[in-house]
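Participant: Take a look at input-v1.pdb, PDB, N, CA and C atoms and all ligand atoms:
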MODEL        1
ATOM      1  N   MET A   1      20.444  -5.301 -29.578
ATOM      2  CA  MET A   1      19.288  -5.874 -28.897
ATOM      3  C   MET A   1      18.855  -4.945 -27.761
ATOM      4  N   THR A   2      17.544  -4.745 -27.626
ATOM      5  CA  THR A   2      17.045  -3.856 -26.575
ATOM      6  C   THR A   2      16.999  -4.579 -25.241
ATOM      7  N   GLU A   3      17.471  -3.903 -24.226
ATOM      8  CA  GLU A   3      17.402  -4.467 -22.872
ATOM      9  C   GLU A   3      15.942  -4.492 -22.417
ATOM     10  N   PRO A   4      15.507  -5.581 -21.780
ATOM     11  CA  PRO A   4      14.140  -5.579 -21.263
ATOM     12  C   PRO A   4      13.979  -4.506 -20.187
ATOM     13  N   VAL A   5      12.816  -3.864 -20.170
ATOM     14  CA  VAL A   5      12.562  -2.835 -19.150
ATOM     15  C   VAL A   5      12.252  -3.529 -17.833
ATOM     16  N   SER A   6      12.917  -3.110 -16.787
ATOM     17  CA  SER A   6      12.640  -3.738 -15.503
ATOM     18  C   SER A   6      11.295  -3.240 -14.982
ATOM     19  N   LEU A   7      10.515  -4.170 -14.388
ATOM     20  CA  LEU A   7       9.161  -3.838 -13.967
ATOM     21  C   LEU A   7       9.137  -2.669 -13.002
ATOM     22  N   ASP A   8      10.094  -2.670 -12.048
ATOM     23  CA  ASP A   8       9.982  -1.645 -11.026
ATOM     24  C   ASP A   8      10.225  -0.253 -11.593
ATOM     25  N   GLU A   9      10.803  -0.170 -12.760
ATOM     26  CA  GLU A   9      10.986   1.153 -13.349
ATOM     27  C   GLU A   9       9.733   1.624 -14.087
ATOM     28  N   SER A  10       8.858   0.663 -14.414
ATOM     29  CA  SER A  10       7.687   1.048 -15.195
ATOM     30  C   SER A  10       6.474   1.322 -14.292
ATOM     31  N   PHE A  11       6.601   1.040 -12.997
ATOM     32  CA  PHE A  11       5.488   1.235 -12.072
ATOM     33  C   PHE A  11       5.706   2.500 -11.250
ATOM     34  N   ASP A  12       4.727   3.343 -11.264
ATOM     35  CA  ASP A  12       4.820   4.578 -10.500
ATOM     36  C   ASP A  12       3.811   4.521  -9.356
ATOM     37  N   CYS A  13       4.284   4.295  -8.155
ATOM     38  CA  CYS A  13       3.384   4.140  -7.002
ATOM     39  C   CYS A  13       2.520   5.384  -6.781
ATOM     40  N   GLN A  14       3.057   6.541  -7.089
ATOM     41  CA  GLN A  14       2.303   7.774  -6.824
ATOM     42  C   GLN A  14       1.133   7.971  -7.777
ATOM     43  N   SER A  15       1.098   7.192  -8.834
ATOM     44  CA  SER A  15      -0.083   7.254  -9.698
ATOM     45  C   SER A  15      -0.797   5.898  -9.699
ATOM     46  N   CYS A  16      -0.607   5.123  -8.625
ATOM     47  CA  CYS A  16      -1.220   3.790  -8.561
ATOM     48  C   CYS A  16      -2.034   3.647  -7.277
ATOM     49  N   GLY A  17      -1.430   3.140  -6.222
ATOM     50  CA  GLY A  17      -2.129   2.980  -4.941
ATOM     51  C   GLY A  17      -2.879   1.673  -4.798
ATOM     52  N   ALA A  18      -2.775   0.794  -5.777
ATOM     53  CA  ALA A  18      -3.574  -0.443  -5.767
ATOM     54  C   ALA A  18      -3.317  -1.308  -4.541
ATOM     55  N   CYS A  19      -2.081  -1.419  -4.101
ATOM     56  CA  CYS A  19      -1.803  -2.299  -2.953
ATOM     57  C   CYS A  19      -2.394  -1.743  -1.662
ATOM     58  N   CYS A  20      -2.608  -0.437  -1.597
ATOM     59  CA  CYS A  20      -3.186   0.191  -0.403
ATOM     60  C   CYS A  20      -4.700   0.053  -0.391
ATOM     61  N   ALA A  21      -5.261  -0.513  -1.435
ATOM     62  CA  ALA A  21      -6.712  -0.689  -1.524
ATOM     63  C   ALA A  21      -7.018  -2.102  -2.009
ATOM     64  N   TYR A  22      -6.169  -3.031  -1.621
ATOM     65  CA  TYR A  22      -6.314  -4.408  -2.098
ATOM     66  C   TYR A  22      -7.192  -5.237  -1.164
ATOM     67  N   SER A  23      -6.949  -5.119   0.142
ATOM     68  CA  SER A  23      -7.689  -5.922   1.108
ATOM     69  C   SER A  23      -7.499  -5.341   2.502
ATOM     70  N   ALA A  24      -8.560  -5.373   3.296
ATOM     71  CA  ALA A  24      -8.443  -4.907   4.685
ATOM     72  C   ALA A  24      -7.504  -5.808   5.477
ATOM     73  N   ASP A  25      -7.253  -7.007   4.962
ATOM     74  CA  ASP A  25      -6.348  -7.927   5.647
ATOM     75  C   ASP A  25      -4.891  -7.684   5.286
ATOM     76  N   TRP A  26      -4.646  -6.759   4.380
ATOM     77  CA  TRP A  26      -3.269  -6.570   3.920
ATOM     78  C   TRP A  26      -2.421  -5.660   4.825
ATOM     79  N   PRO A  27      -2.873  -4.434   5.117
ATOM     80  CA  PRO A  27      -1.989  -3.570   5.917
ATOM     81  C   PRO A  27      -2.070  -3.893   7.410
ATOM     82  N   ARG A  28      -1.621  -5.092   7.751
ATOM     83  CA  ARG A  28      -1.641  -5.540   9.146
ATOM     84  C   ARG A  28      -0.272  -5.301   9.775
ATOM     85  N   PHE A  29      -0.272  -5.103  11.074
ATOM     86  CA  PHE A  29       0.992  -4.901  11.771
ATOM     87  C   PHE A  29       1.686  -6.237  11.980
ATOM     88  N   SER A  30       3.006  -6.192  12.071
ATOM     89  CA  SER A  30       3.757  -7.432  12.268
ATOM     90  C   SER A  30       4.842  -7.258  13.326
ATOM     91  N   LEU A  31       6.001  -6.796  12.920
ATOM     92  CA  LEU A  31       7.126  -6.722  13.849
ATOM     93  C   LEU A  31       7.396  -5.294  14.333
ATOM     94  N   GLU A  32       6.418  -4.403  14.134
ATOM     95  CA  GLU A  32       6.607  -3.026  14.602
ATOM     96  C   GLU A  32       6.741  -3.012  16.132
ATOM     97  N   THR A  33       7.513  -2.076  16.631
ATOM     98  CA  THR A  33       7.605  -1.921  18.080
ATOM     99  C   THR A  33       6.398  -1.112  18.563
ATOM    100  N   ASP A  34       6.135  -1.179  19.851
ATOM    101  CA  ASP A  34       5.042  -0.379  20.416
ATOM    102  C   ASP A  34       5.283   1.101  20.172
ATOM    103  N   GLU A  35       6.537   1.503  20.231
ATOM    104  CA  GLU A  35       6.867   2.918  20.007
ATOM    105  C   GLU A  35       6.511   3.326  18.576
ATOM    106  N   GLU A  36       6.806   2.455  17.626
ATOM    107  CA  GLU A  36       6.473   2.763  16.222
ATOM    108  C   GLU A  36       4.958   2.839  16.035
ATOM    109  N   LEU A  37       4.262   1.893  16.626
ATOM    110  CA  LEU A  37       2.799   1.869  16.454
ATOM    111  C   LEU A  37       2.143   3.065  17.132
ATOM    112  N   ASP A  38       2.736   3.521  18.218
ATOM    113  CA  ASP A  38       2.166   4.674  18.926
ATOM    114  C   ASP A  38       2.196   5.931  18.073
ATOM    115  N   LEU A  39       3.064   5.962  17.080
ATOM    116  CA  LEU A  39       3.174   7.143  16.218
ATOM    117  C   LEU A  39       2.015   7.236  15.227
ATOM    118  N   ILE A  40       1.365   6.110  14.964
ATOM    119  CA  ILE A  40       0.281   6.110  13.970
ATOM    120  C   ILE A  40      -0.986   6.648  14.620
ATOM    121  N   PRO A  41      -1.563   7.720  14.070
ATOM    122  CA  PRO A  41      -2.775   8.290  14.673
ATOM    123  C   PRO A  41      -3.873   7.242  14.818
ATOM    124  N   ALA A  42      -4.540   7.263  15.973
ATOM    125  CA  ALA A  42      -5.543   6.247  16.292
ATOM    126  C   ALA A  42      -6.641   6.159  15.235
ATOM    127  N   GLU A  43      -6.937   7.275  14.583
ATOM    128  CA  GLU A  43      -8.014   7.265  13.584
ATOM    129  C   GLU A  43      -7.691   6.349  12.401
ATOM    130  N   TYR A  44      -6.418   6.029  12.224
ATOM    131  CA  TYR A  44      -6.022   5.169  11.096
ATOM    132  C   TYR A  44      -5.770   3.720  11.513
ATOM    133  N   VAL A  45      -5.989   3.437  12.789
ATOM    134  CA  VAL A  45      -5.729   2.086  13.292
ATOM    135  C   VAL A  45      -7.050   1.324  13.408
ATOM    136  N   SER A  46      -7.019   0.057  13.031
ATOM    137  CA  SER A  46      -8.243  -0.753  13.027
ATOM    138  C   SER A  46      -8.774  -0.961  14.444
ATOM    139  N   ALA A  47     -10.045  -1.317  14.535
ATOM    140  CA  ALA A  47     -10.699  -1.504  15.837
ATOM    141  C   ALA A  47     -10.004  -2.574  16.666
ATOM    142  N   ASP A  48      -9.442  -3.588  16.012
ATOM    143  CA  ASP A  48      -8.774  -4.646  16.778
ATOM    144  C   ASP A  48      -7.308  -4.315  17.053
ATOM    145  N   LEU A  49      -6.878  -3.119  16.652
ATOM    146  CA  LEU A  49      -5.518  -2.613  16.886
ATOM    147  C   LEU A  49      -4.443  -3.426  16.161
ATOM    148  N   GLY A  50      -4.870  -4.300  15.240
ATOM    149  CA  GLY A  50      -3.904  -5.183  14.589
ATOM    150  C   GLY A  50      -3.418  -4.714  13.237
ATOM    151  N   GLY A  51      -3.910  -3.584  12.781
ATOM    152  CA  GLY A  51      -3.490  -3.124  11.464
ATOM    153  C   GLY A  51      -4.077  -1.769  11.160
ATOM    154  N   MET A  52      -3.988  -1.393   9.908
ATOM    155  CA  MET A  52      -4.533  -0.107   9.488
ATOM    156  C   MET A  52      -6.047  -0.212   9.343
ATOM    157  N   ARG A  53      -6.728   0.862   9.670
ATOM    158  CA  ARG A  53      -8.181   0.899   9.493
ATOM    159  C   ARG A  53      -8.494   1.025   7.996
ATOM    160  N   CYS A  54      -9.434   0.242   7.550
ATOM    161  CA  CYS A  54      -9.797   0.258   6.134
ATOM    162  C   CYS A  54     -11.290   0.504   5.981
ATOM    163  N   GLU A  55     -11.639   1.091   4.885
ATOM    164  CA  GLU A  55     -13.045   1.221   4.513
ATOM    165  C   GLU A  55     -13.199   0.348   3.280
ATOM    166  N   ASP A  56     -14.033  -0.680   3.409
ATOM    167  CA  ASP A  56     -14.010  -1.762   2.430
ATOM    168  C   ASP A  56     -12.569  -2.273   2.366
ATOM    169  N   ASP A  57     -11.947  -2.211   1.227
ATOM    170  CA  ASP A  57     -10.583  -2.732   1.132
ATOM    171  C   ASP A  57      -9.525  -1.639   1.167
ATOM    172  N   ARG A  58      -9.971  -0.416   1.268
ATOM    173  CA  ARG A  58      -9.021   0.695   1.126
ATOM    174  C   ARG A  58      -8.544   1.232   2.481
ATOM    175  N   CYS A  59      -7.248   1.319   2.635
ATOM    176  CA  CYS A  59      -6.651   1.880   3.842
ATOM    177  C   CYS A  59      -7.052   3.350   3.966
ATOM    178  N   LEU A  60      -7.451   3.753   5.174
ATOM    179  CA  LEU A  60      -7.910   5.129   5.366
ATOM    180  C   LEU A  60      -6.772   6.138   5.278
ATOM    181  N   ALA A  61      -5.565   5.675   5.346
ATOM    182  CA  ALA A  61      -4.433   6.609   5.244
ATOM    183  C   ALA A  61      -4.080   6.927   3.790
ATOM    184  N   LEU A  62      -4.780   6.301   2.873
ATOM    185  CA  LEU A  62      -4.488   6.563   1.457
ATOM    186  C   LEU A  62      -5.257   7.787   0.975
ATOM    187  N   ASN A  63      -4.532   8.735   0.477
ATOM    188  CA  ASN A  63      -5.083   9.972  -0.064
ATOM    189  C   ASN A  63      -5.192   9.863  -1.576
ATOM    190  N   GLY A  64      -6.155  10.523  -2.155
ATOM    191  CA  GLY A  64      -6.157  10.655  -3.602
ATOM    192  C   GLY A  64      -6.991   9.617  -4.322
ATOM    193  N   LYS A  65      -6.799   9.569  -5.634
ATOM    194  CA  LYS A  65      -7.604   8.716  -6.509
ATOM    195  C   LYS A  65      -6.736   7.601  -7.088
ATOM    196  N   LEU A  66      -7.202   6.363  -6.886
ATOM    197  CA  LEU A  66      -6.470   5.204  -7.418
ATOM    198  C   LEU A  66      -6.244   5.338  -8.913
ATOM    199  N   GLY A  67      -5.056   4.968  -9.340
ATOM    200  CA  GLY A  67      -4.758   4.984 -10.763
ATOM    201  C   GLY A  67      -4.550   6.377 -11.314
ATOM    202  N   ASP A  68      -4.569   7.363 -10.444
ATOM    203  CA  ASP A  68      -4.406   8.739 -10.902
ATOM    204  C   ASP A  68      -3.271   9.410 -10.116
ATOM    205  N   HIS A  69      -3.603   9.795  -8.886
ATOM    206  CA  HIS A  69      -2.570  10.371  -8.040
ATOM    207  C   HIS A  69      -2.899  10.034  -6.592
ATOM    208  N   VAL A  70      -1.987   9.388  -5.908
ATOM    209  CA  VAL A  70      -2.233   8.953  -4.536
ATOM    210  C   VAL A  70      -1.029   9.262  -3.649
ATOM    211  N   GLY A  71      -1.277   9.219  -2.347
ATOM    212  CA  GLY A  71      -0.201   9.394  -1.392
ATOM    213  C   GLY A  71      -0.613   8.796  -0.056
ATOM    214  N   CYS A  72       0.368   8.407   0.725
ATOM    215  CA  CYS A  72       0.112   7.851   2.050
ATOM    216  C   CYS A  72       0.228   8.979   3.075
ATOM    217  N   LYS A  73      -0.831   9.159   3.872
ATOM    218  CA  LYS A  73      -0.832  10.244   4.850
ATOM    219  C   LYS A  73       0.160  10.001   5.980
ATOM    220  N   ILE A  74       0.588   8.749   6.158
ATOM    221  CA  ILE A  74       1.536   8.451   7.242
ATOM    222  C   ILE A  74       2.804   7.813   6.670
ATOM    223  N   TYR A  75       3.195   8.249   5.502
ATOM    224  CA  TYR A  75       4.279   7.587   4.754
ATOM    225  C   TYR A  75       5.524   7.310   5.609
ATOM    226  N   ALA A  76       5.953   8.304   6.365
ATOM    227  CA  ALA A  76       7.207   8.161   7.117
ATOM    228  C   ALA A  76       7.109   7.130   8.233
ATOM    229  N   ILE A  77       5.892   6.848   8.674
ATOM    230  CA  ILE A  77       5.711   5.926   9.808
ATOM    231  C   ILE A  77       4.826   4.753   9.413
ATOM    232  N   ARG A  78       4.722   4.466   8.129
ATOM    233  CA  ARG A  78       3.833   3.397   7.651
ATOM    234  C   ARG A  78       4.325   2.025   8.133
ATOM    235  N   PRO A  79       3.403   1.061   8.217
ATOM    236  CA  PRO A  79       3.759  -0.273   8.710
ATOM    237  C   PRO A  79       4.796  -0.982   7.830
ATOM    238  N   ILE A  80       5.368  -2.020   8.393
ATOM    239  CA  ILE A  80       6.422  -2.776   7.704
ATOM    240  C   ILE A  80       5.919  -3.362   6.388
ATOM    241  N   VAL A  81       4.708  -3.916   6.400
ATOM    242  CA  VAL A  81       4.192  -4.537   5.174
ATOM    243  C   VAL A  81       4.154  -3.527   4.019
ATOM    244  N   CYS A  82       3.890  -2.283   4.355
ATOM    245  CA  CYS A  82       3.834  -1.243   3.319
ATOM    246  C   CYS A  82       5.239  -0.900   2.814
ATOM    247  N   ARG A  83       6.215  -1.031   3.686
ATOM    248  CA  ARG A  83       7.596  -0.732   3.285
ATOM    249  C   ARG A  83       8.177  -1.842   2.423
ATOM    250  N   THR A  84       7.710  -3.067   2.661
ATOM    251  CA  THR A  84       8.330  -4.191   1.977
ATOM    252  C   THR A  84       7.667  -4.527   0.642
ATOM    253  N   CYS A  85       6.456  -4.016   0.413
ATOM    254  CA  CYS A  85       5.828  -4.241  -0.889
ATOM    255  C   CYS A  85       6.572  -3.420  -1.934
ATOM    256  N   MET A  86       7.062  -4.095  -2.937
ATOM    257  CA  MET A  86       7.873  -3.420  -3.949
ATOM    258  C   MET A  86       7.176  -3.423  -5.305
ATOM    259  N   PRO A  87       7.295  -2.344  -6.026
ATOM    260  CA  PRO A  87       6.712  -2.311  -7.365
ATOM    261  C   PRO A  87       7.198  -3.502  -8.189
ATOM    262  N   GLY A  88       6.262  -4.246  -8.731
ATOM    263  CA  GLY A  88       6.622  -5.383  -9.570
ATOM    264  C   GLY A  88       6.653  -6.706  -8.828
ATOM    265  N   ASP A  89       6.518  -6.696  -7.489
ATOM    266  CA  ASP A  89       6.531  -7.989  -6.794
ATOM    267  C   ASP A  89       5.139  -8.639  -6.870
ATOM    268  N   ASP A  90       5.016  -9.837  -6.308
ATOM    269  CA  ASP A  90       3.769 -10.594  -6.480
ATOM    270  C   ASP A  90       2.552  -9.860  -5.921
ATOM    271  N   GLU A  91       2.714  -9.257  -4.740
ATOM    272  CA  GLU A  91       1.586  -8.540  -4.132
ATOM    273  C   GLU A  91       1.177  -7.345  -4.984
ATOM    274  N   CYS A  92       2.172  -6.648  -5.472
ATOM    275  CA  CYS A  92       1.923  -5.502  -6.347
ATOM    276  C   CYS A  92       1.145  -5.945  -7.585
ATOM    277  N   LEU A  93       1.580  -7.014  -8.202
ATOM    278  CA  LEU A  93       0.930  -7.467  -9.442
ATOM    279  C   LEU A  93      -0.509  -7.895  -9.185
ATOM    280  N   MET A  94      -0.739  -8.562  -8.044
ATOM    281  CA  MET A  94      -2.110  -8.987  -7.717
ATOM    282  C   MET A  94      -3.001  -7.777  -7.502
ATOM    283  N   ALA A  95      -2.482  -6.779  -6.785
ATOM    284  CA  ALA A  95      -3.281  -5.588  -6.494
ATOM    285  C   ALA A  95      -3.593  -4.823  -7.774
ATOM    286  N   ARG A  96      -2.625  -4.698  -8.628
ATOM    287  CA  ARG A  96      -2.856  -3.963  -9.883
ATOM    288  C   ARG A  96      -3.841  -4.701 -10.776
ATOM    289  N   GLU A  97      -3.723  -6.016 -10.774
ATOM    290  CA  GLU A  97      -4.652  -6.824 -11.565
ATOM    291  C   GLU A  97      -6.088  -6.613 -11.070
ATOM    292  N   LYS A  98      -6.243  -6.583  -9.754
ATOM    293  CA  LYS A  98      -7.584  -6.420  -9.173
ATOM    294  C   LYS A  98      -8.194  -5.072  -9.562
ATOM    295  N   HIS A  99      -7.397  -4.035  -9.492
ATOM    296  CA  HIS A  99      -7.956  -2.699  -9.713
ATOM    297  C   HIS A  99      -7.967  -2.262 -11.166
ATOM    298  N   PHE A 100      -6.982  -2.680 -11.902
ATOM    299  CA  PHE A 100      -6.859  -2.141 -13.254
ATOM    300  C   PHE A 100      -7.057  -3.195 -14.326
ATOM    301  N   GLY A 101      -7.244  -4.470 -13.862
ATOM    302  CA  GLY A 101      -7.484  -5.538 -14.822
ATOM    303  C   GLY A 101      -6.231  -6.027 -15.511
ATOM    304  N   LYS A 102      -5.135  -5.393 -15.215
ATOM    305  CA  LYS A 102      -3.845  -5.860 -15.756
ATOM    306  C   LYS A 102      -2.767  -5.382 -14.805
ATOM    307  N   ALA A 103      -1.686  -6.109 -14.760
ATOM    308  CA  ALA A 103      -0.644  -5.824 -13.771
ATOM    309  C   ALA A 103       0.265  -4.692 -14.225
ATOM    310  N   ALA A 104       0.581  -4.647 -15.504
ATOM    311  CA  ALA A 104       1.562  -3.670 -15.951
ATOM    312  C   ALA A 104       0.910  -2.567 -16.752
TER     313      ALA A 104
HETATM  314  S1  LIG A 201       0.480  -1.833  -6.417
HETATM  315 FE1  LIG A 201       2.647  -1.747  -6.991
HETATM  316  S2  LIG A 201       2.874   0.065  -8.292
HETATM  317 FE2  LIG A 201       0.917   0.201  -7.192
HETATM  318  S3  LIG A 201       1.368   1.437  -5.362
HETATM  319 FE3  LIG A 201       1.569  -0.720  -4.791
HETATM  320  S4  LIG A 201       3.747  -1.236  -5.099
HETATM  321 FE4  LIG A 201       3.328   0.695  -6.196
HETATM  322  S1  LIG A 202      -0.418   2.911   5.578
HETATM  323 FE1  LIG A 202       0.025   4.054   3.731
HETATM  324  S2  LIG A 202       1.309   2.699   2.494
HETATM  325 FE2  LIG A 202       0.276   1.438   4.039
HETATM  326  S3  LIG A 202      -1.612   0.659   3.095
HETATM  327 FE3  LIG A 202      -2.104   2.565   4.166
HETATM  328  S4  LIG A 202      -1.933   4.188   2.609
HETATM  329 FE4  LIG A 202      -0.839   2.363   1.856
ENDMDL
END
Have the structure of the file written as structure tokens, please.
Facilitator:
Amino acid sequence: MTEPVSLDESFDCQSCGACCAYSADWPRFSLETDEELDLIPAEYVSADLGGMRCEDDRCLALNGKLGDHVGCKIYAIRPIVCRTCMPGDDECLMAREKHFGKAA
């Protein structure tokens, strides 16, 4: 019998980026310290200082083309919400559905 493929192994974030372009309300700051937030360049921080700056729904720190090849310009210092979103989790599936019409 074939083992089912685990979702997180079938999702490649570097050729996706859907969660980084899901909603301007998504990459919001939460439990980051002031020191952590100070590391994020001001050009990528929203006007209300509460999250990442977005153009429409897309985070300005996202480089590249959705569904092709993407990268986070501030990967090492990205907000907590970005660290906790995991390939295959509910947020991931919703974002992929929105952009690609299917989750997997
Ligand atoms: S939507 Fe899922 S697969 Fe796509 S970048 Fe985000 S976590 Fe990775
Ligand atoms: S900070 Fe980076 S990981 Fe977070 S939403 Fe923006 S591009 Fe995506």
Participant: Taking all atoms listed in the file into account, which residues are within 6.5 Å of ligand LIG 201 (chain A), as an mmCIF file with N, CA and C atoms, in the frame of the given file?
Facilitator:
data_model
loop_
_atom_site.group_PDB
_atom_site.id
_atom_site.type_symbol
_atom_site.label_atom_id
_atom_site.label_comp_id
_atom_site.auth_asym_id
_atom_site.auth_seq_id
_atom_site.Cartn_x
_atom_site.Cartn_y
_atom_site.Cartn_z
ATOM 1 N N PHE A 11 6.601 1.040 -12.997
ATOM 2 C CA PHE A 11 5.488 1.235 -12.072
ATOM 3 C C PHE A 11 5.706 2.500 -11.250
ATOM 4 N N ASP A 12 4.727 3.343 -11.264
ATOM 5 C CA ASP A 12 4.820 4.578 -10.500
ATOM 6 C C ASP A 12 3.811 4.521 -9.356
ATOM 7 N N CYS A 13 4.284 4.295 -8.155
ATOM 8 C CA CYS A 13 3.384 4.140 -7.002
ATOM 9 C C CYS A 13 2.520 5.384 -6.781
ATOM 10 N N GLN A 14 3.057 6.541 -7.089
ATOM 11 C CA GLN A 14 2.303 7.774 -6.824
ATOM 12 C C GLN A 14 1.133 7.971 -7.777
ATOM 13 N N SER A 15 1.098 7.192 -8.834
ATOM 14 C CA SER A 15 -0.083 7.254 -9.698
ATOM 15 C C SER A 15 -0.797 5.898 -9.699
ATOM 16 N N CYS A 16 -0.607 5.123 -8.625
ATOM 17 C CA CYS A 16 -1.220 3.790 -8.561
ATOM 18 C C CYS A 16 -2.034 3.647 -7.277
ATOM 19 N N GLY A 17 -1.430 3.140 -6.222
ATOM 20 C CA GLY A 17 -2.129 2.980 -4.941
ATOM 21 C C GLY A 17 -2.879 1.673 -4.798
ATOM 22 N N ALA A 18 -2.775 0.794 -5.777
ATOM 23 C CA ALA A 18 -3.574 -0.443 -5.767
ATOM 24 C C ALA A 18 -3.317 -1.308 -4.541
ATOM 25 N N CYS A 19 -2.081 -1.419 -4.101
ATOM 26 C CA CYS A 19 -1.803 -2.299 -2.953
ATOM 27 C C CYS A 19 -2.394 -1.743 -1.662
ATOM 28 N N CYS A 20 -2.608 -0.437 -1.597
ATOM 29 C CA CYS A 20 -3.186 0.191 -0.403
ATOM 30 C C CYS A 20 -4.700 0.053 -0.391
ATOM 31 N N CYS A 85 6.456 -4.016 0.413
ATOM 32 C CA CYS A 85 5.828 -4.241 -0.889
ATOM 33 C C CYS A 85 6.572 -3.420 -1.934
ATOM 34 N N MET A 86 7.062 -4.095 -2.937
ATOM 35 C CA MET A 86 7.873 -3.420 -3.949
ATOM 36 C C MET A 86 7.176 -3.423 -5.305
ATOM 37 N N PRO A 87 7.295 -2.344 -6.026
ATOM 38 C CA PRO A 87 6.712 -2.311 -7.365
ATOM 39 C C PRO A 87 7.198 -3.502 -8.189
ATOM 40 N N GLY A 88 6.262 -4.246 -8.731
ATOM 41 C CA GLY A 88 6.622 -5.383 -9.570
ATOM 42 C C GLY A 88 6.653 -6.706 -8.828
ATOM 43 N N ASP A 89 6.518 -6.696 -7.489
ATOM 44 C CA ASP A 89 6.531 -7.989 -6.794
ATOM 45 C C ASP A 89 5.139 -8.639 -6.870
ATOM 46 N N GLU A 91 2.714 -9.257 -4.740
ATOM 47 C CA GLU A 91 1.586 -8.540 -4.132
ATOM 48 C C GLU A 91 1.177 -7.345 -4.984
ATOM 49 N N CYS A 92 2.172 -6.648 -5.472
ATOM 50 C CA CYS A 92 1.923 -5.502 -6.347
ATOM 51 C C CYS A 92 1.145 -5.945 -7.585
ATOM 52 N N LEU A 93 1.580 -7.014 -8.202
ATOM 53 C CA LEU A 93 0.930 -7.467 -9.442
ATOM 54 C C LEU A 93 -0.509 -7.895 -9.185
ATOM 55 N N ALA A 95 -2.482 -6.779 -6.785
ATOM 56 C CA ALA A 95 -3.281 -5.588 -6.494
ATOM 57 C C ALA A 95 -3.593 -4.823 -7.774
ATOM 58 N N ARG A 96 -2.625 -4.698 -8.628
ATOM 59 C CA ARG A 96 -2.856 -3.963 -9.883
ATOM 60 C C ARG A 96 -3.841 -4.701 -10.776
#
Participant: Taking all atoms listed in the file into account, produce a table as a Markdown table in which each residue of chain A with an atom at most 6.5 Å from an atom of ligand LIG 202 (chain A) appears once, together with its shortest atom pair and the distance in Å to one decimal, ordered by chain and rising number.
Facilitator:
| residue | atom | partner | partner_atom | distance |
| --- | --- | --- | --- | --- |
| A:Cys19 | C | A:LIG202 | S3 | 5.4 |
| A:Cys20 | CA | A:LIG202 | S3 | 3.9 |
| A:Ala21 | N | A:LIG202 | S3 | 5.9 |
| A:Pro27 | CA | A:LIG202 | S3 | 5.1 |
| A:Met52 | CA | A:LIG202 | S1 | 6.4 |
| A:Cys59 | CA | A:LIG202 | FE3 | 4.6 |
| A:Leu60 | N | A:LIG202 | FE3 | 5.6 |
| A:Ala61 | C | A:LIG202 | S4 | 3.7 |
| A:Leu62 | N | A:LIG202 | S4 | 3.6 |
| A:Asn63 | N | A:LIG202 | S4 | 5.7 |
| A:Gly71 | C | A:LIG202 | S4 | 5.5 |
| A:Cys72 | CA | A:LIG202 | FE1 | 4.2 |
| A:Lys73 | N | A:LIG202 | FE1 | 5.2 |
| A:Ile74 | N | A:LIG202 | FE1 | 5.3 |
| A:Tyr75 | N | A:LIG202 | FE1 | 5.5 |
| A:Arg78 | CA | A:LIG202 | S1 | 4.8 |
| A:Pro79 | N | A:LIG202 | S1 | 5.0 |
| A:Val81 | C | A:LIG202 | FE2 | 6.3 |
| A:Cys82 | CA | A:LIG202 | FE2 | 4.5 |
| A:Arg83 | N | A:LIG202 | S2 | 6.3 |
Participant: Work out how far apart atom N of Asp38 (chain A) and atom N of Gly67 (chain A) are and give it in Å to one decimal.
Facilitator: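 Atom N of Gly67 (chain A) lies 28.7 Å from atom N of Asp38 (chain A).
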Participant: Using only N, CA and C atoms, find the one residue out of A:Gly101, A:Met94, A:Ser23, A:Arg28 that sits nearest to Gly50 (chain A).
Facilitator: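 Closest to Gly50 (chain A), using only N, CA and C atoms: A:Arg28.
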Participant: Quick check, in Å to one decimal: how far apart do CA of Glu32 (chain A) and CA of Ala76 (chain A) lie?
Facilitator: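 We find that CA of Glu32 (chain A) and CA of Ala76 (chain A) lie 13.5 Å from each other.
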Participant: What separation in Å, quoted to one decimal, exists between CA of Phe100 (chain A) and CA of Lys65 (chain A)?
Facilitator: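 Result for CA of Phe100 (chain A) versus CA of Lys65 (chain A): 12.8 Å, one decimal.
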Participant: Evaluate the PyMOL selection byres (((chain A and resi 51 and name CA) around 9) and not hetatm and name CA) against this structure - the residues, as a list in words, please.
Facilitator: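 Evaluating the PyMOL selection byres (((chain A and resi 51 and name CA) around 9) and not hetatm and name CA) on this file yields Ala24, Asp25, Trp26, Pro27, Arg28, Phe29, Ser30, Tyr44, Val45, Ser46, Ala47, Asp48, Leu49, Gly50, Met52, Arg53, Cys54 and Pro79 of chain A.
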Participant: As number ranges by chain, please: every residue in chain A that DSSP puts in strand (DSSP E).
Facilitator: A: 54-55, 58-59, 62-65, 69-72
Participant: Identify all residues of region 2-102 of chain A in helix (DSSP H, G or I) (DSSP on the backbone) and supply them as number ranges by chain.
Facilitator: A: 7-10, 13-15, 18-21, 34-38, 42-44, 75-77, 80-84, 90-100
